[in-house]
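Chemist: Below is the file protein-v3.tsv, which contains TSV, C-alpha atoms.
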```
chain	number	residue	atom	x	y	z
U	1	MET	CA	0.00	0.00	0.00
U	2	LYS	CA	1.64	3.20	-1.18
U	3	ARG	CA	1.71	6.08	1.30
U	4	TRP	CA	3.23	9.57	1.29
U	5	LEU	CA	5.10	11.61	3.88
U	6	ILE	CA	4.69	15.35	3.25
U	7	LEU	CA	6.61	18.07	5.09
U	8	GLU	CA	5.56	21.63	5.80
U	9	ASP	CA	8.32	23.00	3.53
U	10	GLY	CA	6.89	21.12	0.53
U	11	THR	CA	9.27	18.15	0.62
U	12	TYR	CA	7.62	14.78	0.13
U	13	PHE	CA	8.69	11.13	0.33
U	14	GLU	CA	7.03	8.09	-1.21
U	15	GLY	CA	6.89	4.97	0.90
U	16	GLU	CA	5.02	1.81	1.78
U	17	GLY	CA	2.34	1.91	4.42
U	18	PHE	CA	2.01	-0.33	7.46
U	19	GLY	CA	0.07	0.01	10.68
U	20	ALA	CA	-3.27	1.83	10.56
U	21	ALA	CA	-4.53	3.04	7.19
U	22	THR	CA	-5.32	6.56	8.38
U	23	ASN	CA	-4.16	10.05	7.41
U	24	VAL	CA	-2.50	12.08	10.16
U	25	SER	CA	-0.69	15.38	10.72
U	26	GLY	CA	1.67	16.40	13.49
U	27	GLU	CA	5.14	17.67	14.34
U	28	ILE	CA	7.84	15.48	12.81
U	29	VAL	CA	10.84	14.63	15.01
U	30	PHE	CA	13.62	12.05	14.98
U	31	THR	CA	15.08	9.72	17.58
U	32	THR	CA	18.54	8.19	17.36
U	33	SER	CA	17.64	5.19	19.55
U	34	MET	CA	19.01	1.90	18.23
U	35	THR	CA	16.46	-0.12	20.21
U	36	GLY	CA	13.37	0.40	22.35
U	37	TYR	CA	10.83	1.29	19.67
U	38	GLN	CA	7.99	-0.06	21.85
U	39	GLU	CA	8.92	2.21	24.74
U	40	THR	CA	9.39	5.12	22.34
U	41	THR	CA	6.04	4.80	20.56
U	42	THR	CA	4.20	4.45	23.89
U	43	ASP	CA	6.02	7.38	25.57
U	44	GLN	CA	3.41	10.12	26.05
U	45	SER	CA	6.09	12.78	25.59
U	46	PHE	CA	5.66	12.02	21.85
U	47	ASN	CA	2.02	13.14	21.99
U	48	GLY	CA	1.02	14.63	18.64
U	49	GLN	CA	4.36	13.86	16.98
U	50	ILE	CA	5.39	11.76	13.99
U	51	ILE	CA	8.45	9.77	15.09
U	52	THR	CA	11.29	9.17	12.65
U	53	PHE	CA	13.58	6.29	13.67
U	54	THR	CA	17.14	6.80	12.41
U	55	TYR	CA	18.03	3.14	13.06
U	56	PRO	CA	17.60	1.39	9.69
U	57	MET	CA	15.39	-1.55	10.76
U	58	VAL	CA	12.50	-1.31	13.20
U	59	GLY	CA	10.10	-4.03	14.35
U	60	ASN	CA	12.43	-7.04	14.32
U	61	TYR	CA	11.67	-8.18	17.90
U	62	GLY	CA	7.96	-7.35	17.94
U	63	ILE	CA	5.86	-6.03	20.81
U	64	ASN	CA	5.75	-7.61	24.28
U	65	ARG	CA	3.70	-7.18	27.45
U	66	ASP	CA	6.55	-5.73	29.57
U	67	ASP	CA	7.84	-2.68	27.72
U	68	TYR	CA	4.81	-0.39	27.53
U	69	GLU	CA	5.36	3.14	28.82
U	70	SER	CA	1.64	3.80	28.45
U	71	ILE	CA	-1.32	1.65	27.42
U	72	ALA	CA	-2.86	4.20	25.04
U	73	PRO	CA	-0.04	5.81	22.99
U	74	THR	CA	-0.74	9.22	21.44
U	75	CYS	CA	2.06	9.67	18.92
U	76	LYS	CA	0.70	10.47	15.47
U	77	GLY	CA	2.78	8.20	13.25
U	78	VAL	CA	5.97	6.20	12.73
U	79	VAL	CA	8.55	6.66	9.94
U	80	VAL	CA	11.20	3.99	9.25
U	81	LYS	CA	13.70	2.97	6.62
U	82	GLU	CA	12.84	-0.73	6.80
U	83	HIS	CA	9.90	-2.32	8.61
U	84	ALA	CA	10.50	-5.89	9.77
U	85	ARG	CA	7.37	-7.80	8.84
U	86	ARG	CA	8.35	-10.85	10.90
U	87	ALA	CA	9.32	-10.51	14.57
U	88	SER	CA	11.68	-12.92	16.30
U	89	ASN	CA	12.09	-12.76	20.07
U	90	TRP	CA	11.09	-15.02	22.96
U	91	ARG	CA	9.00	-12.19	24.49
U	92	ASN	CA	7.24	-11.28	21.24
U	93	GLN	CA	3.42	-11.30	21.35
U	94	ILE	CA	2.38	-9.32	18.26
U	95	THR	CA	4.17	-7.55	15.43
U	96	LEU	CA	4.75	-3.81	15.33
U	97	ASP	CA	2.40	-3.66	12.34
U	98	GLU	CA	-0.43	-5.29	14.30
U	99	PHE	CA	0.25	-3.11	17.34
U	100	LEU	CA	0.02	0.09	15.31
U	101	LYS	CA	-3.19	-1.13	13.67
U	102	ARG	CA	-4.74	-1.77	17.10
U	103	LYS	CA	-3.71	1.70	18.31
U	104	ASP	CA	-4.83	3.43	15.07
U	105	ILE	CA	-1.34	4.77	14.37
U	106	PRO	CA	-0.08	4.80	10.75
U	107	GLY	CA	3.45	3.88	9.74
U	108	ILE	CA	5.42	4.48	6.58
U	109	ALA	CA	8.48	2.46	5.48
U	110	GLY	CA	10.97	2.76	2.64
U	111	ILE	CA	11.85	6.35	3.59
U	112	ASP	CA	15.37	7.74	3.30
U	113	THR	CA	15.49	8.50	7.01
U	114	ARG	CA	19.05	9.86	6.78
U	115	ALA	CA	17.96	12.53	4.30
U	116	LEU	CA	14.86	13.26	6.39
U	117	THR	CA	16.90	13.59	9.58
U	118	ARG	CA	19.40	15.92	7.90
U	119	LYS	CA	16.50	18.12	6.79
U	120	ILE	CA	15.06	18.27	10.31
U	121	ARG	CA	18.50	19.09	11.75
U	122	GLN	CA	18.98	21.85	9.18
U	123	HIS	CA	15.52	23.42	9.25
U	124	GLY	CA	14.20	22.31	12.63
U	125	THR	CA	11.11	20.35	13.54
U	126	MET	CA	8.10	21.14	11.38
U	127	LYS	CA	4.58	20.01	10.61
U	128	ALA	CA	4.19	16.87	8.51
U	129	SER	CA	1.50	14.51	7.24
U	130	ILE	CA	1.31	10.81	6.43
U	131	VAL	CA	-1.39	10.30	3.79
U	132	SER	CA	-2.65	7.67	1.39
U	133	GLU	CA	-1.97	7.92	-2.34
U	134	GLU	CA	-5.52	9.02	-3.18
U	135	ASP	CA	-5.30	11.93	-0.72
U	136	PHE	CA	-1.85	13.11	-1.82
U	137	THR	CA	-3.04	15.88	-4.17
U	138	HIS	CA	-4.69	18.06	-1.53
U	139	ALA	CA	-2.62	16.98	1.46
U	140	TYR	CA	-0.11	19.83	1.33
U	141	ASP	CA	-2.78	22.55	1.38
U	142	GLN	CA	-4.46	20.79	4.28
U	143	LEU	CA	-1.17	20.49	6.14
U	144	LYS	CA	-0.50	24.22	5.89
U	145	ALA	CA	-3.86	24.88	7.55
U	146	VAL	CA	-3.18	22.53	10.48
U	147	VAL	CA	-2.83	24.23	13.87
U	148	LEU	CA	-0.88	22.10	16.35
U	149	PRO	CA	-2.55	21.77	19.79
U	150	THR	CA	-1.21	23.41	22.94
U	151	ASN	CA	-3.18	21.33	25.47
U	152	GLN	CA	-0.98	18.25	25.12
U	153	VAL	CA	-0.49	17.65	28.84
U	154	GLU	CA	-4.25	17.77	29.36
U	155	GLN	CA	-4.63	15.15	26.61
U	156	VAL	CA	-2.30	12.61	28.25
U	157	SER	CA	-2.54	13.21	32.00
U	158	THR	CA	-4.78	10.99	34.09
U	159	SER	CA	-8.19	12.55	34.71
U	160	LYS	CA	-8.63	10.94	38.14
U	161	PRO	CA	-6.23	10.11	40.99
U	162	TYR	CA	-5.20	6.48	41.45
U	163	PRO	CA	-2.93	4.59	43.88
U	164	SER	CA	-0.01	2.24	43.40
U	165	PRO	CA	0.32	0.82	46.91
U	166	GLY	CA	3.62	0.28	48.68
U	167	ILE	CA	4.99	0.10	52.21
U	168	GLY	CA	7.67	2.79	52.12
U	169	HIS	CA	7.75	6.50	51.53
U	170	ASN	CA	4.46	8.18	50.66
U	171	VAL	CA	5.13	9.81	47.27
U	172	VAL	CA	2.70	11.91	45.25
U	173	VAL	CA	3.32	11.62	41.50
U	174	ILE	CA	2.05	14.51	39.37
U	175	ASP	CA	1.19	13.04	35.98
U	176	PHE	CA	2.12	15.32	33.08
U	177	GLY	CA	2.30	12.30	30.75
U	178	LEU	CA	4.28	9.90	32.88
U	179	LYS	CA	6.26	6.89	31.75
U	180	HIS	CA	5.42	3.68	33.57
U	181	SER	CA	9.14	3.17	34.18
U	182	ILE	CA	9.10	6.07	36.66
U	183	LEU	CA	6.45	4.26	38.68
U	184	ARG	CA	8.46	1.03	38.41
U	185	GLU	CA	11.60	2.63	39.83
U	186	LEU	CA	9.74	4.21	42.74
U	187	SER	CA	7.89	0.94	43.42
U	188	ARG	CA	11.21	-0.97	43.45
U	189	ARG	CA	12.15	1.32	46.31
U	190	ASN	CA	8.90	0.35	48.12
U	191	CYS	CA	7.30	3.78	47.71
U	192	ASN	CA	3.56	4.12	48.31
U	193	LEU	CA	2.43	6.06	45.25
U	194	THR	CA	-0.56	8.29	44.63
U	195	VAL	CA	-0.78	9.51	41.02
U	196	LEU	CA	-2.61	12.83	40.58
U	197	PRO	CA	-3.74	14.83	37.51
U	198	TYR	CA	-1.53	17.61	36.17
U	199	ASN	CA	-3.84	20.37	37.42
U	200	THR	CA	-4.16	19.18	41.03
U	201	PRO	CA	-3.99	22.19	43.40
U	202	ALA	CA	-1.14	22.47	45.88
U	203	GLU	CA	-3.58	22.31	48.79
U	204	THR	CA	-4.84	18.89	47.68
U	205	ILE	CA	-1.28	17.58	47.37
U	206	LEU	CA	-0.25	18.81	50.82
U	207	GLU	CA	-3.42	17.36	52.41
U	208	LEU	CA	-2.06	13.91	51.49
U	209	ALA	CA	0.98	14.61	53.70
U	210	PRO	CA	3.48	13.21	51.18
U	211	ASP	CA	7.09	12.46	52.02
U	212	GLY	CA	7.98	13.65	48.53
U	213	VAL	CA	6.54	14.79	45.19
U	214	MET	CA	7.58	13.50	41.77
U	215	LEU	CA	7.08	15.83	38.79
U	216	THR	CA	7.00	13.58	35.73
U	217	ASN	CA	7.85	13.91	32.09
U	218	GLY	CA	5.28	15.01	29.53
U	219	PRO	CA	4.77	16.56	26.09
U	220	GLY	CA	4.80	20.06	24.71
U	221	ASP	CA	5.76	23.54	25.87
U	222	PRO	CA	6.05	23.89	29.67
U	223	LYS	CA	4.65	27.41	29.43
U	224	ASP	CA	1.33	25.87	28.34
U	225	VAL	CA	0.88	24.46	31.88
U	226	PRO	CA	0.70	27.59	34.10
U	227	GLU	CA	-1.35	25.83	36.78
U	228	ALA	CA	1.53	23.42	37.38
U	229	ILE	CA	4.01	26.28	37.74
U	230	GLU	CA	1.80	27.88	40.40
U	231	MET	CA	1.41	24.55	42.19
U	232	ILE	CA	5.18	24.01	42.36
U	233	GLN	CA	5.70	27.48	43.82
U	234	LYS	CA	3.30	26.62	46.63
U	235	ILE	CA	4.66	23.18	47.55
U	236	GLN	CA	8.41	23.75	47.33
U	237	GLY	CA	9.91	24.19	50.75
U	238	LYS	CA	7.10	22.17	52.28
U	239	VAL	CA	7.96	18.79	50.73
U	240	PRO	CA	10.95	17.28	48.84
U	241	ILE	CA	10.63	17.45	45.05
U	242	PHE	CA	12.19	15.40	42.24
U	243	GLY	CA	11.43	16.45	38.66
U	244	ILE	CA	12.13	14.69	35.37
U	245	CYS	CA	12.06	16.20	31.84
U	246	LEU	CA	8.92	18.41	31.64
U	247	GLY	CA	8.88	18.38	35.44
U	248	HIS	CA	12.41	19.84	35.34
U	249	GLN	CA	11.34	22.63	32.99
U	250	LEU	CA	8.25	23.47	35.06
U	251	PHE	CA	10.34	23.58	38.24
U	252	ALA	CA	12.78	26.00	36.58
U	253	LEU	CA	9.91	28.24	35.44
U	254	ALA	CA	8.46	28.18	38.94
U	255	ASN	CA	11.78	29.56	40.20
U	256	GLY	CA	12.06	32.46	37.79
U	257	ALA	CA	14.01	30.85	34.94
U	258	ASP	CA	12.95	30.81	31.30
U	259	THR	CA	12.63	28.03	28.72
U	260	TYR	CA	13.00	27.98	24.94
U	261	LYS	CA	12.32	25.60	22.08
U	262	LEU	CA	15.26	23.64	20.71
U	263	LYS	CA	15.75	23.54	16.95
U	264	PHE	CA	15.28	19.77	16.72
U	265	GLY	CA	15.35	18.58	20.32
U	266	HIS	CA	17.14	15.74	22.08
U	267	ARG	CA	15.63	12.33	21.43
U	268	GLY	CA	17.70	9.19	21.85
U	269	LEU	CA	19.56	6.91	24.26
U	270	ASN	CA	23.17	8.04	23.99
U	271	HIS	CA	23.22	11.66	25.19
U	272	PRO	CA	26.27	12.28	27.42
U	273	VAL	CA	25.56	14.40	30.49
U	274	ARG	CA	28.23	15.78	32.85
U	275	GLU	CA	27.60	16.16	36.57
U	276	ILE	CA	29.39	19.43	37.32
U	277	ALA	CA	30.36	18.70	40.93
U	278	THR	CA	32.12	15.40	40.20
U	279	GLY	CA	32.88	15.48	36.47
U	280	ARG	CA	31.06	12.16	36.14
U	281	ILE	CA	29.67	11.43	32.67
U	282	ASP	CA	26.39	9.53	32.38
U	283	PHE	CA	24.97	8.35	29.09
U	284	THR	CA	21.29	9.17	29.25
U	285	SER	CA	17.91	8.63	27.63
U	286	GLN	CA	16.34	11.89	26.46
U	287	ASN	CA	13.13	13.01	24.79
U	288	HIS	CA	12.41	16.72	24.85
U	289	GLY	CA	11.96	19.66	22.51
U	290	TYR	CA	12.40	22.47	25.07
U	291	ALA	CA	15.25	23.42	27.39
U	292	VAL	CA	15.95	25.73	30.32
U	293	ASP	CA	17.74	28.96	29.42
U	294	GLY	CA	20.97	28.95	31.44
U	295	ASP	CA	21.31	32.74	31.30
U	296	SER	CA	17.90	33.14	32.97
U	297	ILE	CA	18.70	31.05	36.05
U	298	ASP	CA	18.78	33.03	39.30
U	299	PRO	CA	21.99	31.91	41.08
U	300	GLU	CA	20.41	32.86	44.41
U	301	ARG	CA	17.70	30.23	43.87
U	302	LEU	CA	19.02	27.44	41.66
U	303	LEU	CA	22.32	25.64	41.26
U	304	VAL	CA	23.05	24.07	37.87
U	305	THR	CA	24.08	20.45	38.52
U	306	HIS	CA	24.25	18.83	35.06
U	307	VAL	CA	25.00	19.95	31.50
U	308	GLU	CA	24.76	18.22	28.12
U	309	VAL	CA	28.25	17.44	26.81
U	310	ASN	CA	27.32	17.91	23.13
U	311	ASP	CA	25.67	21.34	23.21
U	312	GLY	CA	26.04	22.63	26.78
U	313	THR	CA	22.30	22.81	27.49
U	314	ILE	CA	21.11	22.68	31.10
U	315	GLU	CA	20.39	19.09	32.20
U	316	GLY	CA	19.83	19.46	35.94
U	317	VAL	CA	19.25	21.97	38.73
U	318	ARG	CA	19.01	21.89	42.51
U	319	HIS	CA	17.29	24.43	44.74
U	320	LYS	CA	19.74	26.25	47.01
U	321	LYS	CA	17.27	26.62	49.90
U	322	TYR	CA	14.70	23.84	49.59
U	323	PRO	CA	15.04	20.02	49.25
U	324	ALA	CA	14.36	19.83	45.53
U	325	PHE	CA	16.27	18.77	42.42
U	326	THR	CA	15.37	18.05	38.80
U	327	VAL	CA	16.95	16.61	35.66
U	328	GLN	CA	16.16	17.07	31.99
U	329	PHE	CA	17.02	13.48	31.05
U	330	HIS	CA	15.25	10.22	31.98
U	331	PRO	CA	17.10	8.40	34.79
U	332	ASP	CA	14.48	5.63	34.53
U	333	ALA	CA	15.77	5.03	30.96
U	334	ALA	CA	13.35	2.49	29.38
U	335	PRO	CA	14.76	2.37	26.83
U	336	GLY	CA	18.34	3.34	27.41
U	337	PRO	CA	21.35	3.08	29.71
U	338	HIS	CA	20.90	2.84	33.47
U	339	ASP	CA	23.80	5.15	34.36
U	340	ALA	CA	21.56	7.64	36.19
U	341	LEU	CA	19.33	5.27	38.21
U	342	HIS	CA	21.13	6.47	41.33
U	343	LEU	CA	19.06	9.68	41.19
U	344	PHE	CA	16.04	7.74	42.45
U	345	ASP	CA	18.13	6.68	45.43
U	346	GLU	CA	19.10	10.31	46.00
U	347	PHE	CA	15.39	11.18	46.08
U	348	ILE	CA	14.84	8.52	48.76
U	349	GLU	CA	17.80	9.89	50.74
U	350	MET	CA	16.41	13.41	50.44
U	351	MET	CA	13.06	12.29	51.85
U	352	ASP	CA	14.83	10.47	54.70
U	353	ALA	CA	16.91	13.54	55.55
U	354	THR	CA	13.86	15.81	55.51
U	355	LYS	CA	12.00	13.46	57.84
U	356	GLU	CA	14.88	13.52	60.32
U	357	LYS	CA	14.78	17.32	60.47
U	358	ARG	CA	11.08	17.43	61.29
```
Is it possible to give me this structure as structure tokens?
Modeler:
Amino acid sequence: MKRWLILEDGTYFEGEGFGAATNVSGEIVFTTSMTGYQETTTDQSFNGQIITFTYPMVGNYGINRDDYESIAPTCKGVVVKEHARRASNWRNQITLDEFLKRKDIPGIAGIDTRALTRKIRQHGTMKASIVSEEDFTHAYDQLKAVVLPTNQVEQVSTSKPYPSPGIGHNVVVIDFGLKHSILRELSRRNCNLTVLPYNTPAETILELAPDGVMLTNGPGDPKDVPEAIEMIQKIQGKVPIFGICLGHQLFALANGADTYKLKFGHRGLNHPVREIATGRIDFTSQNHGYAVDGDSIDPERLLVTHVEVNDGTIEGVRHKKYPAFTVQFHPDAAPGPHDALHLFDEFIEMMDATKEKR
């Protein structure tokens, strides 16, 4: 089945369709991950985006029951060089093709993903469409008229609170589009988790008397979530905070810093991050299109703890007065290296230390 990928600048690619036979539009991005396509496609931080995989073959080990980062993925589409029609792995349950059909997500194969990635790196992320051959003629005009949504966190956050019981620290998790791997890492440390919607007021959070608050990852522009910024301002100093990805950006905004959109973002599993205090280099999993502006950070409030080795962008901050720290990368990995898992242990230690002072 012939299918077309059309970019906002007028570039188009002819390919072969797989997955759902639907037409979609969204922001096209690329990830340099060599594995982990199941985790990537189910990561809610890709909400509304068409994901280009730079690795040449995708789908060769299928889809399994263990590697979901969400049950209802909201990415718009998948672009690959070669789609493996047959999956071979002892954990395989269904093929990538069947999975995308079930989730109503279209895929397109046979694309020169190297040329596509070079274009995105040169011109930045842009709108794109995946369309069938019969709809190709009018697709570009329709794409130009598309307005990308700004309520992405609202689309992916849980609408109602829910528990994940444990016997350890009482942790409130604010869901901006969380990855299940964050819950797994906290559960492995015996935390008693209560997951709350993104717009939960500070008063409701504090009524639960948490030992700590986790600010999760999520999609889109952090400035589109002003209620979360206000909430963070009200809870910091009252409870330990650990933020990841979007949670990191929101925490920075809540403390007077600014954020900006990256030209093509950081998406992949091999991003080197330096911890400033020790010089330690961790290879990290990343998926974000916005970053904290280092020049806007108030040195009286925040200490920069981590930087990206490749481009020097801010990868972590710690509050100078309150028990709170955040990182731009994903220490939970899934997929990716586990170099930074120790940050979850640091969160536990922070909650322990805060308890001792009370």
Chemist: Quick one: residues within 12 Å of U:Asp141, all atoms listed in the file counted, chain neighbours fewer than 5 positions away excluded, as a ChimeraX atom specification?
Modeler: /U:6-10,25,128-129,135-136,146
Chemist: Taking every listed atom of stretch 175-189 of chain U and adding 4 Å to each side, what centre and edge lengths in Å (one decimal) does the axis-aligned box have, as JSON?
Modeler:
```
{"center_x": 6.7, "center_y": 7.2, "center_z": 38.5, "size_x": 19.0, "size_y": 24.3, "size_z": 23.6}
```
Chemist: For each of U:Ile232, U:Val79, U:Ala277, U:Ile241, take the minimum atom-to-atom distance to U:Arg114, counting only C-alpha atoms, then give the residue where this is smallest.
Modeler: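 That would be U:Val79, the residue with the smallest distance to U:Arg114.
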Chemist: Pull the closest atom pair for each residue of stretch 153-215 of chain U that gets at most 9 Å from stretch 34-51 of chain U, along with the distance in Å to one decimal, counting all atoms listed in the file, ordering rows by chain and then ascending residue number, as a tab-separated table.
Modeler:
```
residue	atom	partner	partner_atom	distance
U:Val153	CA	U:Asn47	CA	8.6
U:Gln155	CA	U:Asn47	CA	8.3
U:Val156	CA	U:Gln44	CA	6.6
U:Ser157	CA	U:Gln44	CA	9.0
U:Phe176	CA	U:Gln44	CA	8.8
U:Gly177	CA	U:Gln44	CA	5.3
U:Leu178	CA	U:Gln44	CA	6.9
U:Lys179	CA	U:Asp43	CA	6.2
U:His180	CA	U:Asp43	CA	8.8
```
Chemist: Residues as selected, C-alpha atoms, written as a tab-separated table (two decimals), keeping the file's coordinate frame, can you do that?
Modeler:
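Contents of selection_18.tsv, as written:
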```
chain	number	residue	atom	x	y	z
U	153	VAL	CA	-0.49	17.65	28.84
U	155	GLN	CA	-4.63	15.15	26.61
U	156	VAL	CA	-2.30	12.61	28.25
U	157	SER	CA	-2.54	13.21	32.00
U	176	PHE	CA	2.12	15.32	33.08
U	177	GLY	CA	2.30	12.30	30.75
U	178	LEU	CA	4.28	9.90	32.88
U	179	LYS	CA	6.26	6.89	31.75
U	180	HIS	CA	5.42	3.68	33.57
```
Chemist: Quick one: residues within 12 Å of U:Arg3, only C-alpha atoms, excluding same-chain residues fewer than 2 positions away - as a ChimeraX atom specification?
Modeler: /U:1,5-6,12-24,79,106-111,129-136,139
Chemist: For C-alpha atoms, I'd like the residues from the last selection saved as a PDB file, in the coordinates of the input.
Modeler:
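Result file follows (again_28.pdb):
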```
ATOM      1  CA  MET U   1       0.000   0.000   0.000  1.00  0.00           C
ATOM      2  CA  LEU U   5       5.100  11.610   3.880  1.00  0.00           C
ATOM      3  CA  ILE U   6       4.690  15.350   3.250  1.00  0.00           C
ATOM      4  CA  TYR U  12       7.620  14.780   0.130  1.00  0.00           C
ATOM      5  CA  PHE U  13       8.690  11.130   0.330  1.00  0.00           C
ATOM      6  CA  GLU U  14       7.030   8.090  -1.210  1.00  0.00           C
ATOM      7  CA  GLY U  15       6.890   4.970   0.900  1.00  0.00           C
ATOM      8  CA  GLU U  16       5.020   1.810   1.780  1.00  0.00           C
ATOM      9  CA  GLY U  17       2.340   1.910   4.420  1.00  0.00           C
ATOM     10  CA  PHE U  18       2.010  -0.330   7.460  1.00  0.00           C
ATOM     11  CA  GLY U  19       0.070   0.010  10.680  1.00  0.00           C
ATOM     12  CA  ALA U  20      -3.270   1.830  10.560  1.00  0.00           C
ATOM     13  CA  ALA U  21      -4.530   3.040   7.190  1.00  0.00           C
ATOM     14  CA  THR U  22      -5.320   6.560   8.380  1.00  0.00           C
ATOM     15  CA  ASN U  23      -4.160  10.050   7.410  1.00  0.00           C
ATOM     16  CA  VAL U  24      -2.500  12.080  10.160  1.00  0.00           C
ATOM     17  CA  VAL U  79       8.550   6.660   9.940  1.00  0.00           C
ATOM     18  CA  PRO U 106      -0.080   4.800  10.750  1.00  0.00           C
ATOM     19  CA  GLY U 107       3.450   3.880   9.740  1.00  0.00           C
ATOM     20  CA  ILE U 108       5.420   4.480   6.580  1.00  0.00           C
ATOM     21  CA  ALA U 109       8.480   2.460   5.480  1.00  0.00           C
ATOM     22  CA  GLY U 110      10.970   2.760   2.640  1.00  0.00           C
ATOM     23  CA  ILE U 111      11.850   6.350   3.590  1.00  0.00           C
ATOM     24  CA  SER U 129       1.500  14.510   7.240  1.00  0.00           C
ATOM     25  CA  ILE U 130       1.310  10.810   6.430  1.00  0.00           C
ATOM     26  CA  VAL U 131      -1.390  10.300   3.790  1.00  0.00           C
ATOM     27  CA  SER U 132      -2.650   7.670   1.390  1.00  0.00           C
ATOM     28  CA  GLU U 133      -1.970   7.920  -2.340  1.00  0.00           C
ATOM     29  CA  GLU U 134      -5.520   9.020  -3.180  1.00  0.00           C
ATOM     30  CA  ASP U 135      -5.300  11.930  -0.720  1.00  0.00           C
ATOM     31  CA  PHE U 136      -1.850  13.110  -1.820  1.00  0.00           C
ATOM     32  CA  ALA U 139      -2.620  16.980   1.460  1.00  0.00           C
TER      33      ALA U 139
END
```
Chemist: What does the structure give for the distance between atom CA of U:Thr305 and atom CA of U:Lys320, in Å to one decimal?
Modeler: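 Calculated distance between atom CA of U:Thr305 and atom CA of U:Lys320 is 11.2 Å.
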Chemist: So which residues touch stretch 187-201 of chain U within 10 Å, counting all atoms listed in the file, skipping near sequence neighbours fewer than 4 positions away, as a short mmCIF file (atom, residue, chain, number, x, y, z; two decimals) with C-alpha atoms, in the coordinates of the input?
Modeler:
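The result, written out as selection_30.cif:
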```
data_model
loop_
_atom_site.label_atom_id
_atom_site.label_comp_id
_atom_site.auth_asym_id
_atom_site.auth_seq_id
_atom_site.Cartn_x
_atom_site.Cartn_y
_atom_site.Cartn_z
CA VAL U 153 -0.49 17.65 28.84
CA GLU U 154 -4.25 17.77 29.36
CA VAL U 156 -2.30 12.61 28.25
CA SER U 157 -2.54 13.21 32.00
CA THR U 158 -4.78 10.99 34.09
CA SER U 159 -8.19 12.55 34.71
CA LYS U 160 -8.63 10.94 38.14
CA PRO U 161 -6.23 10.11 40.99
CA TYR U 162 -5.20 6.48 41.45
CA PRO U 163 -2.93 4.59 43.88
CA SER U 164 -0.01 2.24 43.40
CA PRO U 165 0.32 0.82 46.91
CA GLY U 166 3.62 0.28 48.68
CA ILE U 167 4.99 0.10 52.21
CA GLY U 168 7.67 2.79 52.12
CA HIS U 169 7.75 6.50 51.53
CA ASN U 170 4.46 8.18 50.66
CA VAL U 171 5.13 9.81 47.27
CA VAL U 172 2.70 11.91 45.25
CA VAL U 173 3.32 11.62 41.50
CA ILE U 174 2.05 14.51 39.37
CA ASP U 175 1.19 13.04 35.98
CA PHE U 176 2.12 15.32 33.08
CA GLY U 177 2.30 12.30 30.75
CA LEU U 178 4.28 9.90 32.88
CA SER U 181 9.14 3.17 34.18
CA ILE U 182 9.10 6.07 36.66
CA LEU U 183 6.45 4.26 38.68
CA ILE U 205 -1.28 17.58 47.37
CA LEU U 206 -0.25 18.81 50.82
CA LEU U 208 -2.06 13.91 51.49
CA PRO U 210 3.48 13.21 51.18
CA ASP U 211 7.09 12.46 52.02
CA GLY U 212 7.98 13.65 48.53
CA VAL U 213 6.54 14.79 45.19
CA MET U 214 7.58 13.50 41.77
CA LEU U 215 7.08 15.83 38.79
CA THR U 216 7.00 13.58 35.73
CA GLY U 218 5.28 15.01 29.53
CA VAL U 225 0.88 24.46 31.88
CA PRO U 226 0.70 27.59 34.10
CA GLU U 227 -1.35 25.83 36.78
CA ALA U 228 1.53 23.42 37.38
CA ILE U 229 4.01 26.28 37.74
CA GLU U 230 1.80 27.88 40.40
CA MET U 231 1.41 24.55 42.19
CA ILE U 232 5.18 24.01 42.36
CA LYS U 234 3.30 26.62 46.63
CA ILE U 235 4.66 23.18 47.55
CA PHE U 344 16.04 7.74 42.45
CA ASP U 345 18.13 6.68 45.43
CA ILE U 348 14.84 8.52 48.76
#
```
Chemist: Name the closest residue to U:Ala334 among the candidates U:Thr284, U:Gln233, U:Thr150, U:Thr74; distances are taken between atoms, counting only C-alpha atoms.
Modeler: U:Thr284
Chemist: Which one is closest to U:Val292: U:His306, U:Lys119, U:Arg274, U:Lys127? Count all atoms listed in the file.
Modeler: U:His306
Chemist: Would you mind telling me which residue in U:Met126, U:Val78, U:Ala257, U:Ile63 lies nearest to U:Thr95 when using only C-alpha atoms?
Modeler: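 For U:Thr95, the nearest of the candidates is U:Ile63.
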Chemist: For U:His248, which of U:Ala145, U:Ile276, U:Met350, U:Val304 is the closest residue, counting only C-alpha atoms?
Modeler: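 Looking at the shortest contact to U:His248, the residue is U:Val304.
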Chemist: For the point (19.3, 23.8, 21.2) in the file's frame, write as JSON, numbers by chain all residues with an atom no more than 10 Å away, counting all atoms listed in the file.
Modeler: {"U": [260, 261, 262, 263, 264, 265, 266, 289, 290, 291, 292, 293, 311, 312, 313]}
